[in-house]
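Structure file query_25.txt with compact mmCIF, C-alpha atoms:
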```txt
# COMPACT_ATOMS: atom_id res chain seq x y z
CA GLN S 1 127.28 94.11 103.23
CA LYS S 2 123.59 93.46 103.73
CA GLU S 3 122.55 89.87 104.22
CA VAL S 4 120.19 89.77 101.27
CA GLU S 5 120.47 92.24 98.43
CA GLN S 6 118.09 92.97 95.60
CA ASN S 7 117.83 95.70 93.03
CA SER S 8 114.91 97.84 94.16
CA GLY S 9 113.80 98.59 90.61
CA PRO S 10 111.33 99.42 89.33
CA LEU S 11 111.70 96.76 86.69
CA SER S 12 109.34 97.37 83.80
CA VAL S 13 108.57 94.67 81.25
CA PRO S 14 105.92 94.48 78.54
CA GLU S 15 103.09 91.99 78.88
CA GLY S 16 104.12 88.57 77.63
CA ALA S 17 107.83 89.13 78.18
CA ILE S 18 110.13 87.38 80.63
CA ALA S 19 110.84 89.19 83.87
CA SER S 20 114.15 88.37 85.55
CA LEU S 21 114.63 89.14 89.22
CA ASN S 22 117.96 88.71 90.99
CA CYS S 23 119.13 88.32 94.57
CA THR S 24 122.46 87.79 96.29
CA TYR S 25 123.07 86.72 99.86
CA SER S 26 126.05 86.94 102.17
CA ASP S 27 125.73 83.92 104.49
CA ARG S 28 127.41 81.09 102.60
CA GLY S 29 125.89 78.53 104.93
CA SER S 30 122.29 79.46 104.08
CA GLN S 31 120.23 76.44 103.17
CA SER S 32 116.78 77.57 102.08
CA PHE S 33 115.74 80.25 99.66
CA PHE S 34 112.34 81.71 98.93
CA TRP S 35 110.65 84.14 96.61
CA TYR S 36 107.61 86.01 97.89
CA ARG S 37 105.26 88.32 96.05
CA GLN S 38 103.84 91.26 97.96
CA TYR S 39 101.07 93.47 96.70
CA SER S 40 100.85 96.95 98.17
CA GLY S 41 99.39 96.86 101.67
CA LYS S 42 99.25 93.08 101.77
CA SER S 43 101.21 90.33 103.44
CA PRO S 44 103.82 88.44 101.38
CA GLU S 45 102.71 85.29 99.63
CA LEU S 46 105.07 82.45 98.81
CA ILE S 47 105.76 81.86 95.13
CA MET S 48 108.72 79.51 95.11
CA SER S 49 111.13 77.80 97.43
CA ILE S 50 114.43 76.29 96.37
CA TYR S 51 116.97 74.36 98.37
CA SER S 52 119.52 72.91 95.94
CA ASN S 53 121.61 74.24 93.08
CA GLY S 54 119.96 74.42 89.70
CA ASP S 55 116.55 75.33 88.38
CA LYS S 56 113.12 74.70 89.80
CA GLU S 57 110.08 75.32 87.66
CA ASP S 58 106.48 75.86 88.73
CA GLY S 59 104.12 77.03 86.04
CA ARG S 60 105.33 80.37 84.70
CA PHE S 61 107.90 80.71 87.45
CA THR S 62 111.44 79.36 87.49
CA ALA S 63 113.77 79.80 90.45
CA GLN S 64 117.50 79.40 89.96
CA LEU S 65 120.03 78.85 92.71
CA ASN S 66 123.81 79.01 92.54
CA LYS S 67 125.28 78.52 95.99
CA ALA S 68 128.85 78.96 94.81
CA SER S 69 128.00 82.45 93.58
CA GLN S 70 125.52 83.03 96.42
CA TYR S 71 122.94 83.99 93.87
CA VAL S 72 119.22 83.31 93.51
CA SER S 73 117.00 84.40 90.69
CA LEU S 74 113.36 84.24 89.68
CA LEU S 75 112.16 84.18 86.10
CA ILE S 76 108.56 84.95 85.26
CA ARG S 77 107.55 83.86 81.79
CA ASP S 78 104.63 85.36 79.88
CA SER S 79 104.42 88.22 82.36
CA GLN S 80 100.93 89.51 83.08
CA PRO S 81 99.81 92.88 84.48
CA SER S 82 98.61 90.96 87.55
CA ASP S 83 102.24 90.03 88.21
CA SER S 84 102.96 93.68 88.98
CA ALA S 85 104.05 93.65 92.61
CA THR S 86 107.11 93.75 94.80
CA TYR S 87 109.09 90.52 94.83
CA LEU S 88 110.96 89.68 97.99
CA CYS S 89 113.88 87.33 98.14
CA ALA S 90 114.19 85.58 101.50
CA VAL S 91 116.90 83.38 102.91
CA MET S 92 116.70 81.04 105.86
CA ARG S 93 119.73 80.72 108.07
CA ARG S 94 121.22 77.35 108.70
CA VAL S 95 118.96 76.09 111.43
CA VAL S 96 115.29 75.17 111.12
CA ASN S 97 112.85 77.45 112.95
CA THR S 98 115.10 80.44 112.37
CA PRO S 99 113.56 83.53 110.81
CA LEU S 100 113.64 84.43 107.18
CA VAL S 101 115.93 87.29 106.24
CA PHE S 102 114.37 89.42 103.54
CA GLY S 103 115.83 91.58 100.85
CA LYS S 104 114.30 94.99 100.25
CA GLY S 105 112.37 93.70 97.29
CA THR S 106 112.24 94.47 93.60
CA ARG S 107 109.23 96.31 92.28
CA LEU S 108 108.01 94.78 89.03
CA SER S 109 105.69 96.59 86.66
CA VAL S 110 104.19 94.64 83.76
CA ILE S 111 102.87 97.01 81.16
CA ALA S 112 99.87 95.96 79.08
CA GLY N 1 91.83 79.29 103.87
CA ALA N 2 94.44 81.10 105.92
CA VAL N 3 96.72 78.94 108.00
CA VAL N 4 97.68 81.91 110.16
CA SER N 5 94.91 84.36 110.97
CA GLN N 6 96.00 87.81 112.10
CA HIS N 7 93.74 90.42 113.69
CA PRO N 8 92.98 93.22 113.50
CA SER N 9 93.68 93.97 109.84
CA TRP N 10 93.94 97.63 110.66
CA VAL N 11 93.69 99.72 113.77
CA ILE N 12 93.85 103.41 114.60
CA CYS N 13 94.76 104.39 118.13
CA LYS N 14 95.59 107.50 120.06
CA SER N 15 99.14 108.28 121.05
CA GLY N 16 99.94 106.84 124.46
CA THR N 17 97.50 103.96 124.31
CA SER N 18 98.26 100.26 123.83
CA VAL N 19 97.26 98.01 120.97
CA LYS N 20 97.19 94.22 120.84
CA ILE N 21 97.64 92.24 117.64
CA GLU N 22 96.79 88.54 117.58
CA CYS N 23 97.99 85.72 115.41
CA ARG N 24 96.19 82.40 115.51
CA SER N 25 97.31 79.31 113.69
CA LEU N 26 94.68 77.02 112.21
CA ASP N 27 95.38 73.26 111.85
CA PHE N 28 98.95 74.20 112.51
CA GLN N 29 101.25 73.92 115.50
CA ALA N 30 103.20 77.16 115.56
CA THR N 31 106.24 76.20 117.57
CA THR N 32 108.00 79.42 116.62
CA MET N 33 106.50 82.79 115.80
CA PHE N 34 108.32 85.65 114.15
CA TRP N 35 107.07 89.22 114.27
CA TYR N 36 108.04 91.61 111.51
CA ARG N 37 107.47 95.30 110.94
CA GLN N 38 107.39 96.92 107.55
CA PHE N 39 107.47 100.65 106.88
CA PRO N 40 106.26 101.96 103.51
CA LYS N 41 108.57 100.99 100.65
CA GLN N 42 110.86 99.16 103.04
CA SER N 43 111.53 95.49 103.51
CA LEU N 44 110.25 93.34 106.34
CA MET N 45 112.35 93.88 109.43
CA LEU N 46 112.40 91.15 112.06
CA MET N 47 111.41 92.44 115.48
CA ALA N 48 111.45 89.31 117.60
CA THR N 49 111.31 85.54 117.67
CA SER N 50 109.24 83.62 120.16
CA ASN N 51 109.04 79.94 120.92
CA GLU N 52 105.91 78.52 122.50
CA GLY N 53 106.10 78.81 126.25
CA SER N 54 109.32 80.82 126.28
CA LYS N 55 110.25 84.47 126.42
CA ALA N 56 110.72 86.20 123.11
CA THR N 57 114.14 87.05 121.73
CA TYR N 58 114.24 90.61 120.43
CA GLU N 59 116.37 91.95 117.63
CA GLN N 60 118.85 94.70 118.35
CA GLY N 61 117.17 98.06 118.58
CA VAL N 62 113.70 96.69 119.37
CA GLU N 63 112.45 97.69 122.82
CA LYS N 64 111.16 94.60 124.59
CA ASP N 65 109.24 96.67 127.14
CA LYS N 66 107.44 98.50 124.38
CA PHE N 67 106.65 95.55 122.14
CA LEU N 68 105.33 92.81 124.40
CA ILE N 69 105.14 89.38 122.82
CA ASN N 70 103.26 86.47 124.31
CA HIS N 71 103.34 82.96 122.84
CA ALA N 72 101.56 80.96 125.48
CA SER N 73 100.23 78.21 123.23
CA LEU N 74 100.93 76.49 119.92
CA THR N 75 98.00 78.29 118.32
CA LEU N 76 98.18 81.85 119.62
CA SER N 77 100.78 84.59 119.77
CA THR N 78 100.15 88.25 120.54
CA LEU N 79 102.09 91.46 120.03
CA THR N 80 101.15 94.40 122.23
CA VAL N 81 102.45 97.83 121.30
CA THR N 82 102.48 99.75 124.56
CA SER N 83 102.34 103.53 124.85
CA ALA N 84 102.13 103.79 121.09
CA HIS N 85 103.52 106.83 119.32
CA PRO N 86 103.07 108.03 115.73
CA GLU N 87 106.49 106.63 114.80
CA ASP N 88 105.15 103.16 115.65
CA SER N 89 102.69 103.44 112.77
CA SER N 90 103.59 100.58 110.49
CA PHE N 91 102.51 97.26 108.97
CA TYR N 92 103.03 94.45 111.45
CA ILE N 93 103.18 90.86 110.18
CA CYS N 94 103.44 87.61 112.07
CA SER N 95 105.02 84.51 110.61
CA ALA N 96 104.65 81.08 112.07
CA SER N 97 107.00 78.15 111.77
CA GLY N 98 105.95 74.66 112.67
CA ILE N 99 104.21 71.52 111.56
CA HIS N 100 101.02 71.62 109.53
CA LEU N 101 98.66 68.97 110.85
CA LEU N 102 97.53 68.10 107.34
CA GLY N 103 100.92 68.22 105.72
CA ALA N 104 104.48 67.15 106.21
CA GLY N 105 107.66 68.90 107.22
CA ASN N 106 108.43 72.25 108.74
CA THR N 107 106.73 75.15 107.00
CA ILE N 108 106.55 78.90 107.39
CA TYR N 109 103.24 80.73 107.06
CA PHE N 110 102.49 84.43 107.16
CA GLY N 111 99.55 86.17 108.73
CA GLU N 112 97.61 88.70 106.70
CA GLY N 113 99.28 91.64 108.46
CA SER N 114 97.99 94.49 110.62
CA TRP N 115 98.14 98.15 109.72
CA LEU N 116 98.67 100.30 112.79
CA THR N 117 98.14 104.04 112.67
CA VAL N 118 98.87 106.05 115.78
CA VAL N 119 97.39 109.54 115.81
```
What is this file in structure tokens?
Amino acid sequence: QKEVEQNSGPLSVPEGAIASLNCTYSDRGSQSFFWYRQYSGKSPELIMSIYSNGDKEDGRFTAQLNKASQYVSLLIRDSQPSDSATYLCAVMRRVVNTPLVFGKGTRLSVIA
Amino acid sequence: GAVVSQHPSWVICKSGTSVKIECRSLDFQATTMFWYRQFPKQSLMLMATSNEGSKATYEQGVEKDKFLINHASLTLSTLTVTSAHPEDSSFYICSASGIHLLGAGNTIYFGEGSWLTVV
């Protein structure tokens, strides 16, 4: 089983809809979870970080974490064409200053 | 502005030559630097981890004699691809972990990435 798994997509949603991106991880002791957005040919940029169970909202983005199910999700409300990108789920192992482990990413396409 | 500045953004080199990629941290003490490689439509794959002043730790399958990493200071880390071959063509990204001088807590920042094409 891969450490971080995501559906590669593509996930297509109409403009204004809610996009739901999912991620599961295998290391039960993982402490920190991140969602990055990566445009083609560019470096990833951080969208959200979440550390405890529940929801965390930031503007149009909501991250959800369920450690018991080893599941992280990202909701994008009022999706815009500019949100079209690959979304990477990343998990940090237990210790600080350890590298992020990335999923393969889910390609999101928001259709105008 | 960028907290981690990576150069060059893109480079084309001939097979057999060496290429150096630099990552500089700005207002940021990069105690640990991670180097990733990303092939088209693939995820970021960790190549190595380096702590300032120490030798890098390479992931399984990554040749340490081919990918030379230097992390001599808290603000600079370099990756040198030696005797490059076409199969080394990829997107290389550095990621720095440490303390932002204007912020609080341990944070991870990414460089802008470097496209390497070996012809």
*Looking at all atoms listed in the file, which of S:Ser43, S:Ser84, S:Ser109, S:Gln64 is the one that sits closest to Phe110 in chain N?*
S:Ser43
*Find the residues around Asp78 in chain S up to 8 Å (all atoms listed in the file counted), leave out those fewer than 5 positions away in its own chain, and share them as JSON, numbers by chain.*
{"S": [15, 16, 17, 18, 60]}
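Of the listed residues S:Ser49, S:Asn66, S:Gln31, S:Asn7, the one whose atoms come nearest to Gly105 in chain S is S:Asn7, with distances taken using all atoms listed in the file.
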Excluding range 79-94 of chain N and residues on its chain fewer than 6 positions from it, collect all residues at most 10 Å away from it, counting only C-alpha atoms, and give them as a compact mmCIF listing (two decimals) with C-alpha atoms, keeping the file's coordinate frame.
```txt
# COMPACT_ATOMS: atom_id res chain seq x y z
CA GLY S 41 99.39 96.86 101.67
CA LYS S 42 99.25 93.08 101.77
CA SER S 43 101.21 90.33 103.44
CA PRO S 44 103.82 88.44 101.38
CA VAL N 4 97.68 81.91 110.16
CA SER N 5 94.91 84.36 110.97
CA GLN N 6 96.00 87.81 112.10
CA SER N 9 93.68 93.97 109.84
CA TRP N 10 93.94 97.63 110.66
CA VAL N 11 93.69 99.72 113.77
CA ILE N 12 93.85 103.41 114.60
CA CYS N 13 94.76 104.39 118.13
CA LYS N 14 95.59 107.50 120.06
CA SER N 15 99.14 108.28 121.05
CA GLY N 16 99.94 106.84 124.46
CA THR N 17 97.50 103.96 124.31
CA SER N 18 98.26 100.26 123.83
CA VAL N 19 97.26 98.01 120.97
CA LYS N 20 97.19 94.22 120.84
CA ILE N 21 97.64 92.24 117.64
CA GLU N 22 96.79 88.54 117.58
CA CYS N 23 97.99 85.72 115.41
CA ARG N 24 96.19 82.40 115.51
CA MET N 33 106.50 82.79 115.80
CA PHE N 34 108.32 85.65 114.15
CA TRP N 35 107.07 89.22 114.27
CA TYR N 36 108.04 91.61 111.51
CA ARG N 37 107.47 95.30 110.94
CA GLN N 38 107.39 96.92 107.55
CA PHE N 39 107.47 100.65 106.88
CA PRO N 40 106.26 101.96 103.51
CA LEU N 44 110.25 93.34 106.34
CA MET N 45 112.35 93.88 109.43
CA LEU N 46 112.40 91.15 112.06
CA MET N 47 111.41 92.44 115.48
CA ALA N 48 111.45 89.31 117.60
CA THR N 49 111.31 85.54 117.67
CA LYS N 64 111.16 94.60 124.59
CA ASP N 65 109.24 96.67 127.14
CA LYS N 66 107.44 98.50 124.38
CA PHE N 67 106.65 95.55 122.14
CA LEU N 68 105.33 92.81 124.40
CA ILE N 69 105.14 89.38 122.82
CA ASN N 70 103.26 86.47 124.31
CA HIS N 71 103.34 82.96 122.84
CA TYR N 109 103.24 80.73 107.06
CA PHE N 110 102.49 84.43 107.16
CA GLY N 111 99.55 86.17 108.73
CA GLU N 112 97.61 88.70 106.70
CA GLY N 113 99.28 91.64 108.46
CA SER N 114 97.99 94.49 110.62
CA TRP N 115 98.14 98.15 109.72
CA LEU N 116 98.67 100.30 112.79
CA THR N 117 98.14 104.04 112.67
CA VAL N 118 98.87 106.05 115.78
CA VAL N 119 97.39 109.54 115.81
```
*Kindly indicate which residue among S:Leu74, S:Asp27, S:Leu108, S:Asn97 lies nearest to Thr32 in chain N, using all atoms listed in the file for the distances.*
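Selected residue with least distance to Thr32 in chain N: S:Asn97.
Put simply, CA of Ser52 in chain S is 21.0 Å away from CA of Arg37 in chain S.
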*Near Leu46 in chain S, within 8 Å and counting only C-alpha atoms, which residues show up once chain neighbours fewer than 6 positions away are dropped, as a count of residues only?*
4
*asked:* Can you work out which residues from chain S touch chain N at a cut-off of 12 Å (counting all atoms listed in the file) and hand them back as number ranges by chain?
replied: S: 4-6, 8-10, 32, 34, 36, 38-46, 49, 85-90, 92, 95-107
Enclosing box along x, y and z for every listed atom of range 54-59 of chain S, padded 5 Å each side, centre and size in Å, one decimal, as lines of an AutoDock Vina configuration file:
```
center_x = 112.0
center_y = 75.7
center_z = 87.9
size_x = 25.8
size_y = 12.6
size_z = 13.8
```
*When you draw a straight line from CA of Met48 in chain S to CA of Ser25 in chain N, how long is it in Å?*
21.8 Å
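A straight line drawn from CA of Ile111 in chain S to CA of Leu11 in chain S is 10.4 Å long.
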*Would you please work out which residue, of S:Val91, S:Ile50, S:Val13, S:Ala63, is nearest to Ser26 in chain S when using all atoms listed in the file?*
S:Val91
*Any idea what's packed within 9 Å of Thr62 in chain S, counting only C-alpha atoms, ignoring anything in its chain fewer than 6 positions away? Could you give it as a list of chain:residue names?*
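With the cut-off at 9 Å, the set is S:Met48, S:Asp55, S:Lys56, S:Ser73, S:Leu74, S:Leu75, S:Ile76, S:Arg77.
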What does range 53-66 of chain N look like written to a file with all heavy atoms, as a CSV table (one decimal), in the first residue's frame?
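Printed below is part.csv as written:
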```
chain,number,residue,atom,x,y,z
N,53,GLY,N,25.3,21.5,7.4
N,53,GLY,CA,26.5,21.1,8.0
N,53,GLY,C,26.8,19.6,8.0
N,53,GLY,O,27.8,19.1,8.4
N,54,SER,N,25.8,18.8,7.5
N,54,SER,CA,25.9,17.4,7.6
N,54,SER,C,25.8,16.8,6.2
N,54,SER,O,25.3,17.5,5.3
N,54,SER,CB,24.8,16.8,8.5
N,54,SER,OG,24.9,17.3,9.8
N,55,LYS,N,26.2,15.5,6.0
N,55,LYS,CA,26.0,14.9,4.8
N,55,LYS,C,24.6,14.6,4.5
N,55,LYS,O,23.8,14.3,5.5
N,55,LYS,CB,26.8,13.6,4.7
N,55,LYS,CG,28.3,13.8,4.7
N,55,LYS,CD,29.1,12.4,4.5
N,55,LYS,CE,30.6,12.6,4.4
N,55,LYS,NZ,31.3,11.3,4.3
N,56,ALA,N,24.2,14.5,3.3
N,56,ALA,CA,22.8,14.3,2.9
N,56,ALA,C,22.5,12.8,3.1
N,56,ALA,O,23.3,11.9,3.0
N,56,ALA,CB,22.5,14.7,1.5
N,57,THR,N,21.2,12.5,3.4
N,57,THR,CA,20.7,11.2,3.4
N,57,THR,C,19.9,10.9,2.2
N,57,THR,O,18.9,11.7,1.9
N,57,THR,CB,19.8,11.0,4.7
N,57,THR,OG1,20.6,11.3,5.9
N,57,THR,CG2,19.3,9.6,4.7
N,58,TYR,N,20.2,9.9,1.4
N,58,TYR,CA,19.6,9.7,0.1
N,58,TYR,C,18.5,8.6,0.3
N,58,TYR,O,18.7,7.7,1.0
N,58,TYR,CB,20.6,9.3,-0.9
N,58,TYR,CG,21.6,10.4,-1.3
N,58,TYR,CD1,22.7,10.8,-0.5
N,58,TYR,CD2,21.3,11.1,-2.5
N,58,TYR,CE1,23.5,11.8,-0.9
N,58,TYR,CE2,22.2,12.2,-2.8
N,58,TYR,CZ,23.2,12.5,-2.0
N,58,TYR,OH,24.0,13.6,-2.4
N,59,GLU,N,17.5,8.8,-0.5
N,59,GLU,CA,16.5,7.8,-0.6
N,59,GLU,C,16.9,6.6,-1.4
N,59,GLU,O,17.9,6.7,-2.2
N,59,GLU,CB,15.2,8.3,-1.2
N,59,GLU,CG,14.5,9.4,-0.4
N,59,GLU,CD,14.1,9.0,1.0
N,59,GLU,OE1,13.2,8.0,1.0
N,59,GLU,OE2,14.5,9.5,2.0
N,60,GLN,N,16.3,5.4,-1.1
N,60,GLN,CA,16.7,4.2,-1.8
N,60,GLN,C,16.6,4.4,-3.3
N,60,GLN,O,15.5,4.9,-3.8
N,60,GLN,CB,15.8,3.0,-1.3
N,60,GLN,CG,16.3,1.7,-1.8
N,60,GLN,CD,15.5,0.6,-1.2
N,60,GLN,OE1,14.5,0.8,-0.5
N,60,GLN,NE2,15.9,-0.6,-1.4
N,61,GLY,N,17.6,4.0,-4.0
N,61,GLY,CA,17.5,4.1,-5.5
N,61,GLY,C,18.1,5.4,-6.1
N,61,GLY,O,18.2,5.5,-7.3
N,62,VAL,N,18.4,6.3,-5.2
N,62,VAL,CA,19.0,7.6,-5.7
N,62,VAL,C,20.5,7.5,-5.5
N,62,VAL,O,21.0,7.2,-4.4
N,62,VAL,CB,18.5,8.8,-4.9
N,62,VAL,CG1,19.1,10.1,-5.3
N,62,VAL,CG2,17.0,8.9,-5.0
N,63,GLU,N,21.3,7.7,-6.6
N,63,GLU,CA,22.7,7.6,-6.6
N,63,GLU,C,23.4,8.8,-5.9
N,63,GLU,O,23.3,9.9,-6.5
N,63,GLU,CB,23.3,7.4,-8.0
N,63,GLU,CG,22.7,6.1,-8.7
N,63,GLU,CD,23.2,6.1,-10.1
N,63,GLU,OE1,24.4,6.1,-10.3
N,63,GLU,OE2,22.4,6.1,-11.0
N,64,LYS,N,24.0,8.6,-4.8
N,64,LYS,CA,24.6,9.8,-4.1
N,64,LYS,C,25.8,10.3,-4.8
N,64,LYS,O,26.1,11.5,-4.7
N,64,LYS,CB,25.0,9.4,-2.7
N,64,LYS,CG,26.0,8.3,-2.6
N,64,LYS,CD,26.4,8.0,-1.1
N,64,LYS,CE,27.5,7.0,-1.0
N,64,LYS,NZ,27.8,6.7,0.4
N,65,ASP,N,26.5,9.5,-5.6
N,65,ASP,CA,27.6,10.0,-6.4
N,65,ASP,C,27.2,10.7,-7.6
N,65,ASP,O,28.0,11.4,-8.2
N,65,ASP,CB,28.6,8.8,-6.7
N,65,ASP,CG,29.2,8.2,-5.5
N,65,ASP,OD1,29.4,8.9,-4.5
N,65,ASP,OD2,29.4,7.0,-5.5
N,66,LYS,N,26.0,10.6,-8.0
N,66,LYS,CA,25.5,11.2,-9.2
N,66,LYS,C,24.8,12.5,-8.8
N,66,LYS,O,24.9,13.5,-9.5
N,66,LYS,CB,24.5,10.3,-10.0
N,66,LYS,CG,24.0,11.0,-11.2
N,66,LYS,CD,23.1,10.0,-12.0
N,66,LYS,CE,22.6,10.6,-13.3
N,66,LYS,NZ,23.7,11.0,-14.2
```
